[in-house]
file entry.tsv (TSV, C-alpha atoms)
chain	number	residue	atom	x	y	z
A	21	MET	CA	32.37	17.64	15.91
A	22	PRO	CA	31.53	14.17	14.52
A	23	SER	CA	31.54	14.21	10.71
A	24	LEU	CA	30.83	11.73	7.95
A	25	CYS	CA	31.71	11.71	4.26
A	26	ARG	CA	28.69	10.47	2.34
A	27	ASP	CA	30.84	9.38	-0.60
A	28	CYS	CA	33.64	7.32	0.96
A	29	LEU	CA	32.00	6.84	4.41
A	30	ASP	CA	35.10	8.11	6.22
A	31	THR	CA	34.46	9.55	9.69
A	32	PHE	CA	36.48	12.46	11.08
A	33	ASP	CA	36.33	15.71	13.01
A	34	VAL	CA	34.47	18.59	11.40
A	35	GLY	CA	35.70	19.84	8.06
A	36	ARG	CA	34.31	21.36	4.88
A	37	ARG	CA	35.75	18.54	2.78
A	38	CYS	CA	36.51	14.90	3.43
A	39	PRO	CA	40.22	14.51	4.29
A	40	ALA	CA	40.22	11.03	2.73
A	41	CYS	CA	38.63	11.64	-0.70
A	42	GLY	CA	38.17	15.42	-0.89
A	43	SER	CA	34.38	15.22	-1.33
A	44	PRO	CA	32.31	18.22	-0.19
A	45	ARG	CA	29.41	15.91	0.65
A	46	VAL	CA	30.11	16.02	4.36
A	47	ILE	CA	27.58	15.94	7.16
A	48	SER	CA	28.56	17.18	10.63
A	49	HIS	CA	26.46	17.22	13.78
A	50	PRO	CA	27.15	16.95	17.54
A	51	GLU	CA	24.74	13.99	17.84
A	52	LEU	CA	25.48	12.40	14.46
A	53	PHE	CA	26.66	9.08	15.89
A	54	ASP	CA	24.18	8.97	18.80
A	55	LEU	CA	20.84	9.03	16.94
A	56	SER	CA	19.12	5.89	15.70
A	57	ILE	CA	15.58	6.58	14.38
A	58	ALA	CA	15.61	7.17	10.63
A	59	HIS	CA	13.27	7.82	7.75
A	60	MET	CA	14.40	7.04	4.19
A	61	ASP	CA	12.44	8.38	1.25
A	62	CYS	CA	13.34	7.59	-2.36
A	63	ASP	CA	13.61	10.67	-4.59
A	64	ALA	CA	10.82	10.90	-7.22
A	65	PHE	CA	10.64	7.11	-7.04
A	66	PHE	CA	8.36	6.19	-9.96
A	67	ALA	CA	10.04	8.57	-12.40
A	68	SER	CA	13.50	7.61	-11.14
A	69	VAL	CA	12.79	3.91	-11.73
A	70	HIS	CA	12.00	4.65	-15.38
A	71	LYS	CA	15.17	6.72	-15.73
A	72	ALA	CA	17.23	3.92	-14.23
A	73	MET	CA	15.71	1.45	-16.70
A	74	GLU	CA	16.20	3.77	-19.70
A	75	PRO	CA	19.50	5.71	-19.41
A	76	GLY	CA	18.47	7.90	-22.36
A	77	LEU	CA	15.91	9.58	-20.08
A	78	ALA	CA	18.51	10.68	-17.51
A	79	ASP	CA	18.66	14.35	-18.53
A	80	LYS	CA	15.06	14.69	-19.70
A	81	PRO	CA	11.91	15.79	-17.85
A	82	VAL	CA	9.96	12.60	-17.16
A	83	ILE	CA	6.30	12.48	-16.12
A	84	VAL	CA	4.53	9.32	-15.00
A	85	GLY	CA	0.83	9.33	-15.83
A	86	GLY	CA	-1.08	10.60	-18.82
A	87	GLY	CA	-4.31	10.53	-20.72
A	88	GLU	CA	-6.19	13.67	-21.66
A	89	ARG	CA	-8.36	13.34	-18.56
A	90	GLY	CA	-5.59	11.79	-16.49
A	91	VAL	CA	-3.30	13.35	-13.94
A	92	VAL	CA	0.38	13.37	-13.12
A	93	SER	CA	1.15	10.43	-10.87
A	94	THR	CA	4.65	11.75	-10.18
A	95	CYS	CA	7.44	13.46	-12.06
A	96	CYS	CA	11.19	13.83	-11.90
A	97	TYR	CA	12.94	16.87	-10.44
A	98	ILE	CA	13.70	18.28	-13.91
A	99	ALA	CA	9.98	18.37	-14.70
A	100	ARG	CA	9.32	20.03	-11.35
A	101	LEU	CA	11.50	22.95	-12.44
A	102	TYR	CA	8.81	23.68	-15.04
A	103	GLY	CA	6.11	23.76	-12.36
A	104	VAL	CA	4.80	20.24	-12.88
A	105	ARG	CA	3.48	18.63	-9.70
A	106	SER	CA	1.87	15.36	-8.63
A	107	ALA	CA	-1.94	15.22	-9.08
A	108	MET	CA	-1.78	18.03	-11.68
A	109	PRO	CA	-4.12	17.49	-14.65
A	110	ALA	CA	-2.24	16.04	-17.62
A	111	PHE	CA	-3.27	18.87	-19.96
A	112	GLU	CA	-1.82	21.46	-17.57
A	113	ALA	CA	1.44	19.51	-17.23
A	114	ARG	CA	1.73	19.33	-21.03
A	115	ARG	CA	1.25	23.07	-21.27
A	116	LEU	CA	3.96	23.76	-18.69
A	117	CYS	CA	6.44	21.22	-20.04
A	118	PRO	CA	5.67	20.32	-23.65
A	119	GLU	CA	9.02	18.55	-24.12
A	120	ALA	CA	8.41	16.11	-21.25
A	121	VAL	CA	8.63	12.39	-21.83
A	122	TRP	CA	5.43	10.71	-20.61
A	123	VAL	CA	5.55	7.12	-19.37
A	124	ALA	CA	2.74	4.86	-18.23
A	125	PRO	CA	2.81	3.67	-14.60
A	126	ARG	CA	4.39	0.24	-14.03
A	127	HIS	CA	3.31	-0.76	-10.54
A	128	ASP	CA	4.61	-4.30	-10.91
A	129	LEU	CA	8.05	-2.86	-11.64
A	130	TYR	CA	7.85	-0.37	-8.75
A	131	ALA	CA	6.88	-3.16	-6.34
A	132	ARG	CA	9.80	-5.33	-7.49
A	133	ILE	CA	12.34	-2.50	-7.08
A	134	SER	CA	10.79	-1.59	-3.73
A	135	GLY	CA	11.32	-5.17	-2.62
A	136	GLN	CA	15.00	-4.93	-3.50
A	137	ILE	CA	15.38	-1.74	-1.45
A	138	ARG	CA	13.51	-3.36	1.44
A	139	ALA	CA	15.94	-6.28	1.33
A	140	MET	CA	18.86	-3.84	1.61
A	141	MET	CA	17.20	-2.23	4.63
A	142	ALA	CA	16.66	-5.63	6.23
A	143	GLU	CA	20.42	-6.18	6.21
A	144	LEU	CA	20.72	-3.16	8.50
A	145	THR	CA	17.86	-3.82	10.93
A	146	PRO	CA	14.74	-5.99	11.26
A	147	ALA	CA	12.83	-2.97	12.64
A	148	ILE	CA	11.47	-1.52	9.40
A	149	GLU	CA	8.08	0.20	9.07
A	150	PRO	CA	7.14	0.74	5.41
A	151	LEU	CA	4.89	3.71	4.73
A	152	SER	CA	4.63	3.09	1.00
A	153	LEU	CA	6.66	1.51	-1.79
A	154	ASP	CA	9.28	4.26	-1.61
A	155	GLU	CA	9.62	5.22	2.06
A	156	ALA	CA	10.06	3.61	5.44
A	157	PHE	CA	11.08	4.21	9.03
A	158	LEU	CA	14.06	2.29	10.42
A	159	ASP	CA	14.91	1.75	14.07
A	160	MET	CA	18.69	1.31	14.22
A	161	ARG	CA	19.01	1.05	17.99
A	162	GLY	CA	21.41	-1.71	19.03
A	163	THR	CA	22.91	-2.18	15.56
A	164	THR	CA	26.26	-0.45	16.15
A	165	ARG	CA	27.86	-3.56	17.66
A	166	LEU	CA	26.47	-5.72	14.88
A	167	HIS	CA	27.80	-3.57	12.03
A	168	HIS	CA	30.80	-2.06	13.84
A	169	ALA	CA	29.55	1.33	12.70
A	170	PRO	CA	26.93	3.81	13.97
A	171	PRO	CA	23.52	4.10	12.27
A	172	ALA	CA	24.51	7.27	10.38
A	173	VAL	CA	27.31	5.43	8.58
A	174	MET	CA	25.10	2.46	7.71
A	175	LEU	CA	22.33	4.73	6.36
A	176	ALA	CA	24.83	6.56	4.16
A	177	ARG	CA	26.03	3.16	2.96
A	178	LEU	CA	22.43	2.18	2.17
A	179	VAL	CA	21.74	5.14	-0.13
A	180	ARG	CA	25.16	4.78	-1.75
A	181	ARG	CA	24.36	1.13	-2.47
A	182	MET	CA	20.96	2.07	-3.90
A	183	GLU	CA	22.64	4.43	-6.35
A	184	ALA	CA	25.33	1.91	-7.32
A	185	GLU	CA	23.09	-1.15	-7.74
A	186	LEU	CA	19.71	0.32	-8.72
A	187	GLY	CA	20.50	3.78	-10.06
A	188	LEU	CA	18.11	5.33	-7.51
A	189	SER	CA	18.75	8.04	-4.95
A	190	GLY	CA	17.15	8.53	-1.55
A	191	SER	CA	16.99	11.14	1.18
A	192	VAL	CA	17.60	10.26	4.83
A	193	GLY	CA	16.33	11.91	7.99
A	194	LEU	CA	17.98	10.91	11.28
A	195	SER	CA	16.67	11.93	14.69
A	196	HIS	CA	15.51	10.70	18.08
A	197	CYS	CA	11.86	10.04	17.13
A	198	LYS	CA	9.73	9.20	14.10
A	199	PHE	CA	8.12	12.63	13.78
A	200	LEU	CA	11.44	14.46	13.49
A	201	ALA	CA	13.08	11.78	11.35
A	202	LYS	CA	10.29	12.25	8.78
A	203	VAL	CA	10.64	16.03	8.96
A	204	ALA	CA	14.42	15.75	8.51
A	205	SER	CA	14.18	13.58	5.39
A	206	ASP	CA	12.26	16.34	3.60
A	207	LEU	CA	14.74	19.12	4.37
A	208	GLU	CA	17.28	18.65	1.59
A	209	LYS	CA	15.72	16.54	-1.16
A	210	PRO	CA	16.96	15.11	-3.45
A	211	ARG	CA	19.98	13.11	-2.17
A	212	GLY	CA	19.63	14.70	1.25
A	213	PHE	CA	20.88	13.57	4.64
A	214	SER	CA	19.63	15.73	7.49
A	215	VAL	CA	19.92	15.38	11.25
A	216	ILE	CA	17.75	16.84	14.01
A	217	GLY	CA	19.27	16.23	17.45
A	218	LYS	CA	17.62	16.27	20.85
A	219	ALA	CA	19.43	19.40	22.03
A	220	GLU	CA	18.25	21.51	19.09
A	221	THR	CA	14.68	20.22	18.83
A	222	LEU	CA	12.85	23.13	20.46
A	223	ASP	CA	14.85	25.79	18.62
A	224	PHE	CA	14.50	23.97	15.30
A	225	LEU	CA	10.72	23.67	15.57
A	226	ALA	CA	9.98	27.14	17.00
A	227	ASP	CA	9.32	29.03	13.75
A	228	LYS	CA	8.12	26.05	11.69
A	229	PRO	CA	4.46	26.05	10.56
A	230	VAL	CA	2.13	23.61	12.27
A	231	SER	CA	1.31	22.17	8.82
A	232	LEU	CA	4.57	20.26	9.29
A	233	ILE	CA	2.62	17.89	11.54
A	234	TRP	CA	1.28	14.88	9.67
A	235	GLY	CA	-2.51	15.00	9.64
A	236	VAL	CA	-2.76	18.80	9.95
A	237	GLY	CA	-4.49	19.60	6.68
A	238	ALA	CA	-6.42	22.63	5.54
A	239	VAL	CA	-9.32	22.12	7.96
A	240	THR	CA	-7.21	21.56	11.08
A	241	ARG	CA	-4.82	24.34	10.08
A	242	GLY	CA	-7.77	26.71	9.84
A	243	GLN	CA	-8.95	25.71	13.32
A	244	LEU	CA	-5.47	26.28	14.72
A	245	GLU	CA	-5.11	29.65	13.01
A	246	ARG	CA	-8.43	30.79	14.47
A	247	ALA	CA	-6.93	29.94	17.86
A	248	GLY	CA	-3.86	32.06	17.03
A	249	ILE	CA	-1.63	29.04	16.39
A	250	ARG	CA	0.47	29.26	13.25
A	251	ASN	CA	3.82	27.82	14.27
A	252	PHE	CA	5.26	25.56	16.95
A	253	ALA	CA	6.18	28.48	19.20
A	254	ASP	CA	2.50	29.50	19.22
A	255	LEU	CA	1.53	25.92	20.01
A	256	ARG	CA	3.95	25.68	22.93
A	257	ARG	CA	2.38	28.73	24.57
A	258	TRP	CA	-0.82	26.76	25.15
A	259	GLU	CA	-1.20	24.73	28.30
A	260	ARG	CA	-1.79	21.03	27.86
A	261	ARG	CA	-5.25	21.10	29.41
A	262	ALA	CA	-6.34	24.05	27.28
A	263	LEU	CA	-5.27	22.32	24.08
A	264	CYS	CA	-7.19	19.19	25.04
A	265	GLU	CA	-10.30	21.19	25.88
A	266	ARG	CA	-10.13	23.05	22.56
A	267	PHE	CA	-9.08	20.22	20.24
A	268	GLY	CA	-9.97	17.00	22.10
A	269	LYS	CA	-7.65	14.01	21.66
A	270	GLN	CA	-5.82	15.91	18.93
A	271	GLY	CA	-4.82	18.47	21.58
A	272	GLU	CA	-2.82	15.88	23.56
A	273	ARG	CA	-0.93	14.88	20.42
A	274	LEU	CA	-0.27	18.49	19.46
A	275	TRP	CA	1.09	19.28	22.93
A	276	HIS	CA	3.69	16.50	22.70
A	277	LEU	CA	4.68	17.13	19.07
A	278	ALA	CA	5.11	20.85	19.82
A	279	ARG	CA	7.99	19.73	22.04
A	280	GLY	CA	9.35	17.19	19.60
A	281	GLU	CA	8.03	14.29	21.67
A	282	ASP	CA	6.85	11.24	19.74
A	283	ALA	CA	6.63	7.96	21.68
A	284	ARG	CA	5.53	5.86	18.70
A	285	SER	CA	7.78	2.90	18.04
A	286	VAL	CA	8.84	1.76	14.60
A	287	ALA	CA	6.26	-0.92	13.81
A	288	ALA	CA	8.16	-3.62	11.96
A	289	GLY	CA	6.29	-5.60	9.33
A	290	ALA	CA	4.75	-5.28	5.92
A	291	ALA	CA	2.87	-2.25	4.64
A	292	ARG	CA	-0.37	-1.86	6.56
A	293	SER	CA	-2.44	-0.84	3.55
A	294	LEU	CA	-2.43	-0.53	-0.23
A	295	SER	CA	-4.33	2.22	-2.00
A	296	SER	CA	-4.69	4.08	-5.25
A	297	GLU	CA	-6.50	7.32	-5.95
A	298	THR	CA	-7.08	9.74	-8.80
A	299	THR	CA	-7.87	13.45	-8.90
A	300	PHE	CA	-10.25	14.52	-11.67
A	301	PRO	CA	-9.58	17.56	-13.91
A	302	THR	CA	-13.22	18.54	-13.36
A	303	ASP	CA	-15.60	17.46	-10.58
A	304	ILE	CA	-17.62	14.32	-11.35
A	305	GLY	CA	-21.12	13.55	-10.11
A	306	ASP	CA	-22.19	10.90	-12.63
A	307	LEU	CA	-22.39	7.52	-10.88
A	308	ASP	CA	-21.47	5.50	-13.97
A	309	ALA	CA	-18.30	7.57	-14.52
A	310	LEU	CA	-17.41	7.18	-10.85
A	311	ARG	CA	-17.87	3.42	-11.16
A	312	GLY	CA	-15.35	3.40	-14.00
A	313	HIS	CA	-12.78	5.19	-11.88
A	314	ALA	CA	-13.52	2.88	-8.92
A	315	TRP	CA	-12.82	-0.13	-11.14
A	316	ARG	CA	-9.50	1.25	-12.37
A	317	MET	CA	-8.40	2.07	-8.81
A	318	SER	CA	-9.49	-1.41	-7.68
A	319	GLU	CA	-7.40	-2.98	-10.44
A	320	LYS	CA	-4.33	-1.01	-9.40
A	321	VAL	CA	-4.72	-2.00	-5.75
A	322	SER	CA	-5.25	-5.62	-6.78
A	323	ASP	CA	-2.12	-5.58	-8.96
A	324	ARG	CA	-0.04	-4.28	-6.05
A	325	ALA	CA	-1.47	-6.86	-3.65
A	326	LYS	CA	-0.75	-9.70	-6.07
A	327	GLU	CA	2.78	-8.46	-6.71
A	328	ALA	CA	3.43	-8.23	-2.97
A	329	GLY	CA	1.82	-11.61	-2.25
A	330	GLN	CA	-0.66	-10.01	0.13
A	331	ALA	CA	-4.42	-10.03	0.71
A	332	GLY	CA	-6.58	-7.76	2.84
A	333	ARG	CA	-9.86	-7.88	4.73
A	334	VAL	CA	-10.87	-4.19	4.76
A	335	ILE	CA	-11.98	-2.24	1.68
A	336	THR	CA	-11.91	1.55	1.90
A	337	LEU	CA	-13.52	4.07	-0.43
A	338	LYS	CA	-12.27	7.65	-0.28
A	339	LEU	CA	-14.11	10.56	-1.91
A	340	LYS	CA	-13.20	14.23	-1.85
A	341	ARG	CA	-16.02	16.66	-2.51
A	342	ALA	CA	-15.78	19.91	-4.44
A	343	ASP	CA	-15.54	21.76	-1.10
A	344	HIS	CA	-12.54	19.53	-0.19
A	345	ARG	CA	-14.49	17.65	2.49
A	346	ILE	CA	-13.35	14.03	2.53
A	347	LEU	CA	-15.79	11.14	2.82
A	348	THR	CA	-14.37	7.78	3.89
A	349	ARG	CA	-16.35	4.55	3.86
A	350	ARG	CA	-15.07	1.10	4.94
A	351	HIS	CA	-16.29	-2.48	4.93
A	352	ALA	CA	-14.65	-5.54	6.49
A	353	LEU	CA	-14.79	-8.81	4.56
A	354	ALA	CA	-15.33	-12.24	6.09
A	355	ALA	CA	-12.17	-13.48	4.35
A	356	PRO	CA	-9.14	-11.70	2.84
A	357	THR	CA	-8.93	-10.93	-0.89
A	358	GLN	CA	-6.49	-9.64	-3.46
A	359	LEU	CA	-8.85	-9.86	-6.45
A	360	ALA	CA	-9.87	-6.74	-8.36
A	361	ASP	CA	-13.39	-8.13	-8.86
A	362	ARG	CA	-13.94	-8.55	-5.11
A	363	ILE	CA	-12.33	-5.22	-4.21
A	364	TYR	CA	-14.44	-3.41	-6.80
A	365	ALA	CA	-17.67	-5.09	-5.72
A	366	GLU	CA	-17.20	-3.78	-2.18
A	367	ALA	CA	-16.02	-0.35	-3.35
A	368	GLU	CA	-19.08	-0.06	-5.62
A	369	ALA	CA	-21.39	-1.03	-2.75
A	370	LEU	CA	-19.85	1.78	-0.69
A	371	LEU	CA	-19.96	4.22	-3.61
A	372	ILE	CA	-23.63	3.91	-4.53
A	373	PRO	CA	-25.13	5.37	-1.32
A	374	ALA	CA	-22.41	8.04	-1.13
A	375	ALA	CA	-22.74	9.21	-4.75
A	376	GLY	CA	-25.58	11.60	-3.91
A	377	GLU	CA	-23.18	13.75	-1.88
A	378	GLY	CA	-21.14	14.61	-5.00
A	379	PRO	CA	-19.86	15.92	-7.26
A	380	PHE	CA	-16.37	14.76	-6.36
A	381	ARG	CA	-12.88	15.92	-7.25
A	382	LEU	CA	-11.06	12.74	-6.09
A	383	LEU	CA	-11.77	9.04	-5.72
A	384	GLY	CA	-9.59	6.43	-4.05
A	385	VAL	CA	-9.81	2.74	-3.20
A	386	GLY	CA	-7.79	1.06	-0.46
A	387	LEU	CA	-7.12	-2.43	0.90
A	388	SER	CA	-5.98	-2.88	4.52
A	389	GLY	CA	-5.83	-5.54	7.21
A	390	LEU	CA	-3.08	-7.10	5.11
A	391	ASP	CA	-1.50	-10.49	5.55
A	392	GLU	CA	0.20	-13.08	3.35
A	393	ALA	CA	-2.12	-14.11	0.53
A	394	GLY	CA	-1.97	-17.85	1.26
A	395	ALA	CA	-5.22	-19.42	0.11
A	396	ALA	CA	-7.10	-16.11	-0.16
A	397	ASP	CA	-10.00	-16.08	-2.66
A	398	PHE	CA	-9.90	-19.82	-3.28
A	399	ALA	CA	-12.38	-20.95	-0.62
A	400	GLY	CA	-15.45	-19.46	-2.26
A	401	ASP	CA	-18.35	-17.56	-0.72
A	402	LEU	CA	-21.73	-19.14	0.05
A	403	LEU	CA	-23.39	-15.74	-0.46
A	404	ASP	CA	-21.77	-15.35	-3.89
A	405	PRO	CA	-21.92	-18.70	-5.71
A	406	GLN	CA	-20.41	-17.19	-8.89
A	407	GLY	CA	-17.47	-15.74	-6.96
A	408	THR	CA	-15.24	-18.78	-7.49
A	409	THR	CA	-15.90	-18.67	-11.25
A	410	ARG	CA	-15.04	-14.98	-11.46
A	411	ALA	CA	-11.92	-15.53	-9.36
A	412	ALA	CA	-10.75	-18.24	-11.78
A	413	ALA	CA	-11.48	-15.92	-14.72
A	414	GLU	CA	-9.43	-13.15	-13.13
A	415	ARG	CA	-6.50	-15.50	-12.52
A	416	ALA	CA	-6.67	-16.51	-16.19
A	417	THR	CA	-6.75	-12.84	-17.21
A	418	ASP	CA	-3.68	-12.19	-15.08
A	419	ALA	CA	-1.83	-15.01	-16.83
A	420	ILE	CA	-2.71	-13.62	-20.27
A	421	ARG	CA	-1.59	-10.12	-19.32
A	422	LYS	CA	1.64	-11.44	-17.85
A	423	ARG	CA	2.44	-13.14	-21.15
A	424	PHE	CA	1.13	-10.62	-23.68
A	425	GLY	CA	1.00	-7.28	-21.80
A	426	LYS	CA	-1.54	-5.23	-19.88
A	427	GLY	CA	-3.48	-4.24	-22.99
A	428	ALA	CA	-4.05	-7.81	-24.15
A	429	ILE	CA	-7.36	-8.13	-22.31
A	430	PHE	CA	-9.53	-5.78	-20.27
A	431	LYS	CA	-13.07	-5.44	-18.96
A	432	GLY	CA	-15.62	-3.17	-20.56
A	433	ARG	CA	-16.19	-1.30	-17.29
A	434	SER	CA	-12.61	0.02	-17.53
A	435	MET	CA	-13.73	2.16	-20.52
A	436	ARG	CA	-16.30	4.15	-18.51
call {"tool": "encode", "arguments": {"input": "entry.tsv", "output": "structure tokens"}}
result
Amino acid sequence: MPSLCRDCLDTFDVGRRCPACGSPRVISHPELFDLSIAHMDCDAFFASVHKAMEPGLADKPVIVGGGERGVVSTCCYIARLYGVRSAMPAFEARRLCPEAVWVAPRHDLYARISGQIRAMMAELTPAIEPLSLDEAFLDMRGTTRLHHAPPAVMLARLVRRMEAELGLSGSVGLSHCKFLAKVASDLEKPRGFSVIGKAETLDFLADKPVSLIWGVGAVTRGQLERAGIRNFADLRRWERRALCERFGKQGERLWHLARGEDARSVAAGAARSLSSETTFPTDIGDLDALRGHAWRMSEKVSDRAKEAGQAGRVITLKLKRADHRILTRRHALAAPTQLADRIYAEAEALLIPAAGEGPFRLLGVGLSGLDEAGAADFAGDLLDPQGTTRAAAERATDAIRKRFGKGAIFKGRSMR
């Protein structure tokens, strides 16, 4: 059976240890060298970046986030042993893990490190589809002749290089389609490398819960359970037509995924959207407080867009009600922007009419329709004659913060 040592990259027939270096980190699979669709996900990316930058944090529980009314943005695997989880209120995380080291988010740093990882990926294949700063799909078809090694070997080399050069680990999923590659990358985190082959697809999926399907949240899961569908085996018992009649367009998708069929191609290019959201410790209905959160989320999205050299045309506001129902509102701009002031103005305009449906437990702001920034925000807006002045002021603020730090200057609305 084809086997690969993840430490020295030697390939050999099946064995419990590598015959070349003796490492037990061996992966064996009948289709190991035949599969070419991969998903790579960095392990606890934000927290791991801080640990890589400060070696003294290596063996300590690290939590990114903070503030008495803040939430956990992410945390390292040591902190997770204490029960700390992303989106957990900060006060609860402090109770569970009082010895944790708290660090403030550094999105400029995360974007820079993400760019370095993306450059490493680009040396393997041009077909890269980023999902976020810390994960992406890769289509490695046709690269074996180029690299004189199958995709599995090159992916193992990628994560080994990440550890050596950046001090970061990643988990790889390798399969024959995007859906299963994403599933595989989650099987053995951290530092995982999992394979799901074509021949085993149906057996592998049979007893897995349908919540494994991206987009099947609490509401859809409830609808499926009421139809007697809890796992993939249940789903496969339904005829295609019956699923479509019961669940509409979603039924067609479910029928194919139940069989491990995913025809989506890896869409090469930059990230399709940037977003930031926050979960409140207690539900919020006050419009002024919601405006404050909308501003902070707009600033974070703007910072990421500026760091990535991108601008977007579509502003999205996301609100989650106390009953977990999600409200999404969007507005398309006449010209792309990357400015916090412009993003916030549109988010606020979407927020005001929606505020009456609160209180809310979560608020998020997103920017999509991305492209290179170019001359974005410099042309002015006839309907907003003061826009150019505010844009210049924001650029000046950015310059001051870059020189003296984030806390050097801020707007009063950020204190709401």
call {"tool": "residues_around", "arguments": {"input": "entry.tsv", "residues": "Ile249 in chain A", "least_positions_apart": "2", "cutoff": "12 Å", "atoms": "only C-alpha atoms", "output": "number ranges by chain"}}
result
A: 226-231, 240-247, 251-258, 263, 274, 278
call {"tool": "closest_residue", "arguments": {"input": "entry.tsv", "among": "A:Glu149, A:Asp33, A:Asp61, A:Glu112", "to": "Gly90 in chain A", "atoms": "all atoms listed in the file"}}
result
A:Glu112
call {"tool": "atom_distance", "arguments": {"input": "entry.tsv", "atom1": "CA of Tyr130 in chain A", "atom2": "CA of Asp63 in chain A"}}
result
13.1 Å
call {"tool": "closest_residue", "arguments": {"input": "entry.tsv", "among": "A:Ala367, A:Asp27, A:Ser56, A:Arg381", "to": "Pro44 in chain A", "atoms": "all atoms listed in the file"}}
result
A:Asp27
call {"tool": "closest_residue", "arguments": {"input": "entry.tsv", "among": "A:Arg362, A:His59, A:Arg132, A:Arg266", "to": "Gly329 in chain A", "atoms": "all atoms listed in the file"}}
result
A:Arg132
call {"tool": "closest_residue", "arguments": {"input": "entry.tsv", "among": "A:Phe213, A:Tyr97, A:Phe199, A:Phe111", "to": "His49 in chain A", "atoms": "only C-alpha atoms"}}
result
A:Phe213
call {"tool": "closest_atom_pairs", "arguments": {"input": "entry.tsv", "of": "range 24-140 of chain A", "to": "range 162-166 of chain A", "cutoff": "12 Å", "atoms": "all atoms listed in the file", "output": "CSV"}}
result
residue,atom,partner,partner_atom,distance
A:Phe53,CA,A:Thr164,CA,9.5
A:Asp54,CA,A:Thr164,CA,10.0
A:Leu55,CA,A:Thr164,CA,10.9
A:Ser56,CA,A:Gly162,CA,8.6
A:Ile57,CA,A:Gly162,CA,11.2
call {"tool": "residues_around", "arguments": {"input": "entry.tsv", "residues": "Ala288 in chain A", "least_positions_apart": "5", "cutoff": "9 Å", "atoms": "all atoms listed in the file", "output": "compact mmCIF listing (two decimals) with C-alpha atoms, in the coordinates of the input"}}
result
# COMPACT_ATOMS: atom_id res chain seq x y z
CA PRO A 146 14.74 -5.99 11.26
CA ALA A 147 12.83 -2.97 12.64
CA ILE A 148 11.47 -1.52 9.40
CA GLU A 149 8.08 0.20 9.07
CA PRO A 150 7.14 0.74 5.41
CA PHE A 157 11.08 4.21 9.03
CA LEU A 158 14.06 2.29 10.42
CA ASP A 159 14.91 1.75 14.07
call {"tool": "atom_distance", "arguments": {"input": "entry.tsv", "atom1": "CA of Lys269 in chain A", "atom2": "CA of Leu200 in chain A"}}
result
20.8 Å
call {"tool": "closest_residue", "arguments": {"input": "entry.tsv", "among": "A:Cys117, A:Ala64, A:Val173, A:Met21", "to": "Thr94 in chain A", "atoms": "only C-alpha atoms"}}
result
A:Ala64
call {"tool": "residues_around", "arguments": {"input": "entry.tsv", "residues": "Ile133 in chain A", "least_positions_apart": "3", "cutoff": "9 Å", "atoms": "all atoms listed in the file", "output": "VMD selection string"}}
result
chain A and resid 69 128 to 130 136 to 138 153 186
call {"tool": "residues_near_point", "arguments": {"input": "entry.tsv", "point": "(20.4, 13.7, 11.6)", "cutoff": "9 Å", "atoms": "all atoms listed in the file", "output": "PDB file with C-alpha atoms, in the frame of the given file"}}
result
ATOM      1  CA  ILE A  47      27.580  15.940   7.160  1.00  0.00           C
ATOM      2  CA  SER A  48      28.560  17.180  10.630  1.00  0.00           C
ATOM      3  CA  HIS A  49      26.460  17.220  13.780  1.00  0.00           C
ATOM      4  CA  GLU A  51      24.740  13.990  17.840  1.00  0.00           C
ATOM      5  CA  LEU A  52      25.480  12.400  14.460  1.00  0.00           C
ATOM      6  CA  PHE A  53      26.660   9.080  15.890  1.00  0.00           C
ATOM      7  CA  LEU A  55      20.840   9.030  16.940  1.00  0.00           C
ATOM      8  CA  SER A  56      19.120   5.890  15.700  1.00  0.00           C
ATOM      9  CA  ALA A  58      15.610   7.170  10.630  1.00  0.00           C
ATOM     10  CA  ALA A 172      24.510   7.270  10.380  1.00  0.00           C
ATOM     11  CA  VAL A 192      17.600  10.260   4.830  1.00  0.00           C
ATOM     12  CA  GLY A 193      16.330  11.910   7.990  1.00  0.00           C
ATOM     13  CA  LEU A 194      17.980  10.910  11.280  1.00  0.00           C
ATOM     14  CA  SER A 195      16.670  11.930  14.690  1.00  0.00           C
ATOM     15  CA  HIS A 196      15.510  10.700  18.080  1.00  0.00           C
ATOM     16  CA  ALA A 201      13.080  11.780  11.350  1.00  0.00           C
ATOM     17  CA  ALA A 204      14.420  15.750   8.510  1.00  0.00           C
ATOM     18  CA  SER A 205      14.180  13.580   5.390  1.00  0.00           C
ATOM     19  CA  PHE A 213      20.880  13.570   4.640  1.00  0.00           C
ATOM     20  CA  SER A 214      19.630  15.730   7.490  1.00  0.00           C
ATOM     21  CA  VAL A 215      19.920  15.380  11.250  1.00  0.00           C
ATOM     22  CA  ILE A 216      17.750  16.840  14.010  1.00  0.00           C
ATOM     23  CA  GLY A 217      19.270  16.230  17.450  1.00  0.00           C
TER      24      GLY A 217
END
call {"tool": "residues_around", "arguments": {"input": "entry.tsv", "residues": "Pro379 in chain A", "least_positions_apart": "4", "cutoff": "7 Å", "atoms": "all atoms listed in the file", "output": "number ranges by chain"}}
result
A: 303-305, 341-342
call {"tool": "atom_distance", "arguments": {"input": "entry.tsv", "atom1": "CA of Ala369 in chain A", "atom2": "CA of Ala314 in chain A"}}
result
10.7 Å
call {"tool": "axis_aligned_box", "arguments": {"input": "entry.tsv", "around": "range 356-374 of chain A", "padding_each_side": "5 Å", "output": "lines of an AutoDock Vina configuration file"}}
result
center_x = -15.8
center_y = -1.8
center_z = -3.0
size_x = 28.6
size_y = 29.7
size_z = 21.7
call {"tool": "decode", "arguments": {"input": "entry.tsv", "residues": "range 239-244 of chain A", "atoms": "C-alpha atoms", "output": "compact mmCIF listing (two decimals), in the first residue's frame"}}
result
# COMPACT_ATOMS: atom_id res chain seq x y z
CA VAL A 239 -32.70 24.98 11.34
CA THR A 240 -31.93 22.70 8.38
CA ARG A 241 -30.85 19.90 10.70
CA GLY A 242 -34.21 20.13 12.46
CA GLN A 243 -36.04 19.92 9.13
CA LEU A 244 -34.01 16.86 8.15
